[in-house]
Every structure is written in structure tokens, then in C-alpha cells.
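Enquirer: data-v9.cif is the file, holding mmCIF, C-alpha atoms:
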data_my_file
#
loop_
_atom_site.label_atom_id
_atom_site.label_comp_id
_atom_site.auth_asym_id
_atom_site.auth_seq_id
_atom_site.Cartn_x
_atom_site.Cartn_y
_atom_site.Cartn_z
CA MET I 1 281.74 240.24 143.59
CA CYS I 2 279.55 242.34 141.32
CA GLN I 3 282.14 245.11 141.17
CA ARG I 4 284.78 242.66 139.92
CA LEU I 5 282.43 241.21 137.30
CA VAL I 6 281.49 244.66 136.03
CA GLU I 7 285.12 245.76 135.89
CA ARG I 8 286.05 242.61 134.00
CA VAL I 9 283.45 243.14 131.29
CA HIS I 10 283.43 246.92 131.35
CA PRO I 11 286.80 248.48 132.25
CA ARG I 12 285.33 251.87 133.14
CA GLY I 13 283.58 250.35 136.14
CA CYS I 14 279.99 250.80 137.20
CA GLY I 15 278.96 253.85 135.19
CA ILE I 16 277.15 251.76 132.60
CA GLY I 17 273.54 251.57 131.46
CA ARG I 18 270.97 248.84 131.92
CA ILE I 19 271.23 247.58 128.35
CA THR I 20 274.98 247.10 128.70
CA LEU I 21 274.55 245.40 132.07
CA LEU I 22 271.98 242.96 130.73
CA GLN I 23 274.06 242.22 127.65
CA TYR I 24 277.00 241.16 129.81
CA PHE I 25 275.19 239.37 132.61
CA SER I 26 272.82 236.51 132.07
CA THR I 27 269.22 237.33 132.94
CA ASP I 28 269.39 235.09 136.00
CA LEU I 29 272.59 236.65 137.30
CA ALA I 30 271.37 240.22 136.78
CA LYS I 31 268.09 239.37 138.51
CA GLU I 32 269.90 237.59 141.36
CA VAL I 33 272.27 240.50 141.87
CA LEU I 34 269.38 242.97 141.96
CA ASP I 35 267.22 240.70 144.15
CA LEU I 36 269.99 240.16 146.71
CA ASN I 37 270.60 243.90 147.00
CA LEU I 38 274.32 243.41 146.44
CA LEU I 39 274.42 246.82 144.81
CA VAL I 40 272.99 248.97 147.63
CA ASN I 41 274.53 252.44 147.57
CA SER I 42 276.99 251.46 144.84
CA PRO I 43 277.46 253.57 141.71
CA LEU I 44 275.85 250.80 139.66
CA GLU I 45 272.75 250.77 141.89
CA GLN I 46 272.46 254.52 141.53
CA THR I 47 272.73 254.20 137.73
CA ILE I 48 270.03 251.53 137.65
CA SER I 49 267.66 253.62 139.77
CA ARG I 50 267.94 256.52 137.29
CA MET I 51 267.24 254.41 134.21
CA PRO I 52 263.97 254.56 132.31
CA ALA I 53 261.32 251.94 132.81
CA THR I 54 261.37 248.56 131.16
CA LEU I 55 258.71 248.41 128.46
CA LEU I 56 256.98 245.28 127.19
CA LEU I 57 255.92 245.67 123.56
CA ILE I 58 253.46 243.10 122.20
CA ASP I 59 252.60 243.02 118.50
CA ASP I 60 252.19 240.04 116.19
CA ASN I 61 253.44 242.14 113.27
CA ALA I 62 257.22 241.81 113.48
CA VAL I 63 257.87 244.90 111.32
CA GLN I 64 255.69 247.16 113.47
CA ALA I 65 257.14 245.68 116.67
CA ALA I 66 260.72 246.22 115.46
CA THR I 67 259.95 249.78 114.33
CA ARG I 68 258.40 250.76 117.66
CA GLN I 69 261.14 248.97 119.57
CA THR I 70 263.80 250.94 117.70
CA ILE I 71 262.03 254.26 118.32
CA LEU I 72 261.70 253.53 122.03
CA LYS I 73 265.25 252.21 122.42
CA ARG I 74 266.65 255.33 120.74
CA ALA I 75 264.70 257.36 123.31
CA GLY I 76 266.57 255.47 126.03
CA TYR I 77 264.01 252.89 127.11
CA PHE I 78 264.79 249.23 127.71
CA VAL I 79 262.29 247.43 125.45
CA ILE I 80 261.33 243.77 125.45
CA ALA I 81 259.42 242.83 122.29
CA ALA I 82 257.02 239.89 122.16
CA LEU I 83 255.13 238.60 119.14
CA ASN I 84 252.79 236.33 121.10
CA PRO I 85 250.46 237.80 123.76
CA SER I 86 249.81 234.43 125.43
CA ARG I 87 253.52 233.80 125.90
CA ALA I 88 254.10 237.36 127.11
CA LEU I 89 251.36 236.91 129.71
CA GLU I 90 252.96 233.66 130.93
CA GLN I 91 256.31 235.42 131.24
CA ILE I 92 254.83 238.33 133.20
CA GLN I 93 252.94 236.05 135.56
CA GLY I 94 256.00 233.82 135.98
CA GLY I 95 258.34 236.74 136.69
CA GLU I 96 260.58 235.73 133.79
CA PHE I 97 261.59 239.24 132.72
CA PRO I 98 264.92 240.71 133.89
CA ALA I 99 263.25 243.75 135.43
CA GLU I 100 259.86 244.92 136.57
CA ILE I 101 257.68 245.95 133.62
CA GLY I 102 256.91 249.67 133.87
CA LEU I 103 254.60 249.85 130.85
CA VAL I 104 252.90 247.38 128.53
CA ILE I 105 252.28 248.43 124.92
CA THR I 106 250.02 246.09 122.98
CA ASP I 107 248.32 245.79 119.63
CA HIS I 108 244.60 245.01 119.56
CA LEU I 109 244.16 242.43 116.80
CA MET I 110 246.46 239.45 117.26
CA PRO I 111 246.00 235.74 116.54
CA GLY I 112 245.11 233.53 119.48
CA MET I 113 244.46 236.34 121.96
CA SER I 114 243.24 239.86 121.33
CA GLY I 115 244.74 242.84 123.09
CA ALA I 116 241.53 243.16 125.14
CA ASP I 117 241.73 239.53 126.28
CA PHE I 118 245.40 240.03 127.13
CA VAL I 119 244.66 243.13 129.23
CA LYS I 120 241.77 241.41 131.05
CA ALA I 121 244.08 238.53 132.00
CA LEU I 122 246.92 240.92 132.90
CA ARG I 123 244.68 242.94 135.21
CA LYS I 124 244.00 239.86 137.36
CA THR I 125 247.63 239.78 138.50
CA ASN I 126 248.90 243.28 137.62
CA PRO I 127 246.05 245.72 138.21
CA THR I 128 248.19 248.87 138.24
CA VAL I 129 250.79 248.44 135.47
CA PRO I 130 250.18 251.13 132.83
CA VAL I 131 248.95 249.80 129.48
CA LEU I 132 248.97 251.49 126.07
CA VAL I 133 246.80 249.90 123.37
CA ILE I 134 247.55 250.82 119.76
CA SER I 135 244.96 249.80 117.18
CA GLY I 136 243.85 250.60 113.66
CA LEU I 137 240.24 250.04 114.72
CA GLU I 138 238.72 253.03 116.45
CA GLU I 139 235.66 250.98 117.50
CA ALA I 140 237.93 248.58 119.44
CA GLU I 141 238.27 251.15 122.22
CA GLU I 142 234.91 250.00 123.62
CA GLU I 143 236.42 246.62 124.50
CA TYR I 144 238.80 248.29 126.95
CA GLN I 145 236.21 250.14 129.01
CA GLY I 146 236.96 249.75 132.71
CA LEU I 147 240.39 248.20 132.12
CA ASN I 148 242.39 251.37 132.86
CA VAL I 149 244.25 251.60 129.54
CA THR I 150 245.32 254.42 127.25
CA PHE I 151 244.04 253.84 123.71
CA ARG I 152 245.65 255.29 120.58
CA ILE I 153 244.74 254.88 116.90
CA LYS I 154 247.24 253.81 114.21
CA PRO I 155 249.17 255.27 112.62
CA LEU I 156 250.82 256.63 115.75
CA LEU I 157 253.63 258.98 114.80
CA PRO I 158 256.93 258.54 116.68
CA ASP I 159 256.59 261.87 118.52
CA HIS I 160 253.09 260.94 119.69
CA LEU I 161 254.24 257.46 120.69
CA LEU I 162 257.12 258.87 122.74
CA ALA I 163 254.97 261.55 124.39
CA THR I 164 252.32 258.99 125.35
CA VAL I 165 254.90 256.50 126.64
CA HIS I 166 256.73 259.17 128.64
CA GLY I 167 253.47 260.36 130.23
CA LEU I 168 252.39 256.83 131.16
CA VAL I 169 255.80 255.91 132.59
CA GLN I 170 255.91 259.11 134.65
CA ALA I 171 252.36 258.52 135.94
CA GLY I 172 253.26 254.91 136.76
CA ASN I 173 256.36 256.04 138.66
CA ARG I 174 254.32 258.53 140.70
CA ASP I 175 251.77 255.82 141.49
CA SER I 176 254.43 253.32 142.61
CA ASP I 177 256.20 256.00 144.69
CA SER I 178 252.96 256.81 146.50
CA LEU I 179 252.33 253.09 147.15
CA THR I 180 255.80 252.59 148.69
CA ALA I 181 255.38 255.70 150.85
CA GLN I 182 252.21 254.31 152.43
#
Now that the file is in, can you turn its structure into C-alpha cells?
Expert:
Amino acid sequence: MCQRLVERVHPRGCGIGRITLLQYFSTDLAKEVLDLNLLVNSPLEQTISRMPATLLLIDDNAVQAATRQTILKRAGYFVIAALNPSRALEQIQGGEFPAEIGLVITDHLMPGMSGADFVKALRKTNPTVPVLVISGLEEAEEEYQGLNVTFRIKPLLPDHLLATVHGLVQAGNRDSDSLTAQ
């Protein structure tokens, strides 16, 4: 079934990337297909397993969120941007995203819920997901003590952003691989 759907929307078959797949399938269908393991050992499944992590980017400043999202997408990551940390937390806890979140990137100062409050709530249900906090306030780092986050100061140049993200995603992949091997 999946093979026919993919061929219908993408004539070259299954050699497509995650962004293309999610553009053509509804979130529910893509999730259902992945959840039901209909793609085991197929070329599409192999493509999905080689794709970079899904990143959740939270920043109330739409310009900064869009800029970082563009940088990360151009580097090949699948990026979900959220302007509201409370809503993003609800979506994570409700499993509403199309793929497992491999890294959370959050601002510190946001209306309604600070980055620190967001991370504290996130850690209750997702204690191991890597988190990158980007803030213009150096003194804010104290609020993240014991929360297992990486803290960077704005402005964060694109090369530094990408290097930090790549390192955190790789470390997260190693951690999840060791957990599944146990």
C-alpha cells in the first residue's frame, strides 16, 4: 500500500527524503505507516533510518525562529518551529509530532513560560532528550543547573549553531543506541 502511495506522489519511488514524505502524507498517515512497520526492509525505511534527527525549535521571536529554522533545514535537518513553549510541551507530551524529537532548541525569555520552566516540565516526561538553550542573558545559565542542557549565548553564529546541534544529535543517537542494546 505504501509503495503505491509513494509511487503515485513521487514517480521515482521510495528514494525520497523525510521532508518530501511528510509533505505528501498527512501527519497521521505518515505516523501510522511508521508505527505499523509497513516499511520494514523497504528502500523507504532505509532512507528514513539514515535521515537526520527531528528538531523542535522554540522561540517566541518569529524572526529568530525562522532564521534558525532556515539554517538548520539547509543543513538537512527536519525542523519543527514553535512560538509558544506551553503549546510545544503539550504536543510533546501528547505525541502529536510526526516523528520522535531528537533535539529541543529553546530560547530562555519567552512570555507565559520561560525556557527554564519549559525544560523542568519536559524533563518530567522526557529526561534524556538533548536540549540546547540559547539566551542573550549569560546569568540565565544558573537556572538550568542540574537539568542536563547545553547553554549558548546569543548571538550564536550559524557555524556554531550547526556544530552544537550536530554534536548534541550525535550524542543523543549514541545514548539511544546504547539504551536499545541493553
Enquirer: So, counting only C-alpha atoms, which residue among I:Leu122, I:Leu109, I:Ala116, I:Leu103 is closest to Thr164 in chain I?
Expert: I:Leu103
Enquirer: Between I:Lys154, I:Ile101, I:Ser114, I:Ile71, which has the minimum distance to Pro85 in chain I (counting only C-alpha atoms)?
Expert: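 Closest residue, counting only C-alpha atoms: I:Ser114.
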Enquirer: Care to translate the PyMOL selection byres ((chain I and resi 169) around 9) into actual residues of this file, as a PyMOL selection string?
Expert: chain I and resi 52-53+102-103+130+164-168+170-174
Enquirer: Box time for range 69-75 of chain I: axis-aligned, enclosing all its listed atoms, 8 Å extra on each side; report centre and edge lengths in Å to one decimal, as lines of an AutoDock Vina configuration file.
Expert:
center_x = 263.9
center_y = 253.2
center_z = 120.5
size_x = 21.5
size_y = 24.4
size_z = 21.6
Enquirer: Of the residues I:Thr106, I:Ala121, I:Ala66, I:Ala75, which is the one nearest to Gln93 in chain I, using all atoms listed in the file?
Expert: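 The closest residue to Gln93 in chain I is I:Ala121.
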Enquirer: Could you tell me which residues the PyMOL selection byres ((chain I and resi 54) around 10) returns for this structure, as a list in words?
Expert: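 Residues picked by the PyMOL selection byres ((chain I and resi 54) around 10): Arg18, Met51, Pro52, Ala53, Leu55, Leu56, Leu57, Tyr77, Phe78, Val79, Ile80, Phe97, Pro98, Ala99, Glu100, Ile101, Gly102, Leu103, Val104 and Val169 of chain I.
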Enquirer: So, with all atoms listed in the file as the atoms that count, which of I:Asp117, I:Asp107, I:Glu96, I:Glu143 lies closest to Pro155 in chain I?
Expert: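 Of the candidates, the smallest distance to Pro155 in chain I is held by I:Asp107.
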Enquirer: Distance CA of Phe118 in chain I-CA of Ile58 in chain I, one decimal place?
Expert: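 The value is 9.9 Å.
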Enquirer: With distances taken over only C-alpha atoms, which of I:Ile105, I:Leu137, I:Met110, I:Asn148 is nearest to Arg68 in chain I?
Expert: I:Ile105
Enquirer: Using only C-alpha atoms, which of I:Lys73, I:Gly95, I:Ala81, I:Leu156 sits nearest Thr125 in chain I?
Expert: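 Smallest distance to Thr125 in chain I is found for I:Gly95.
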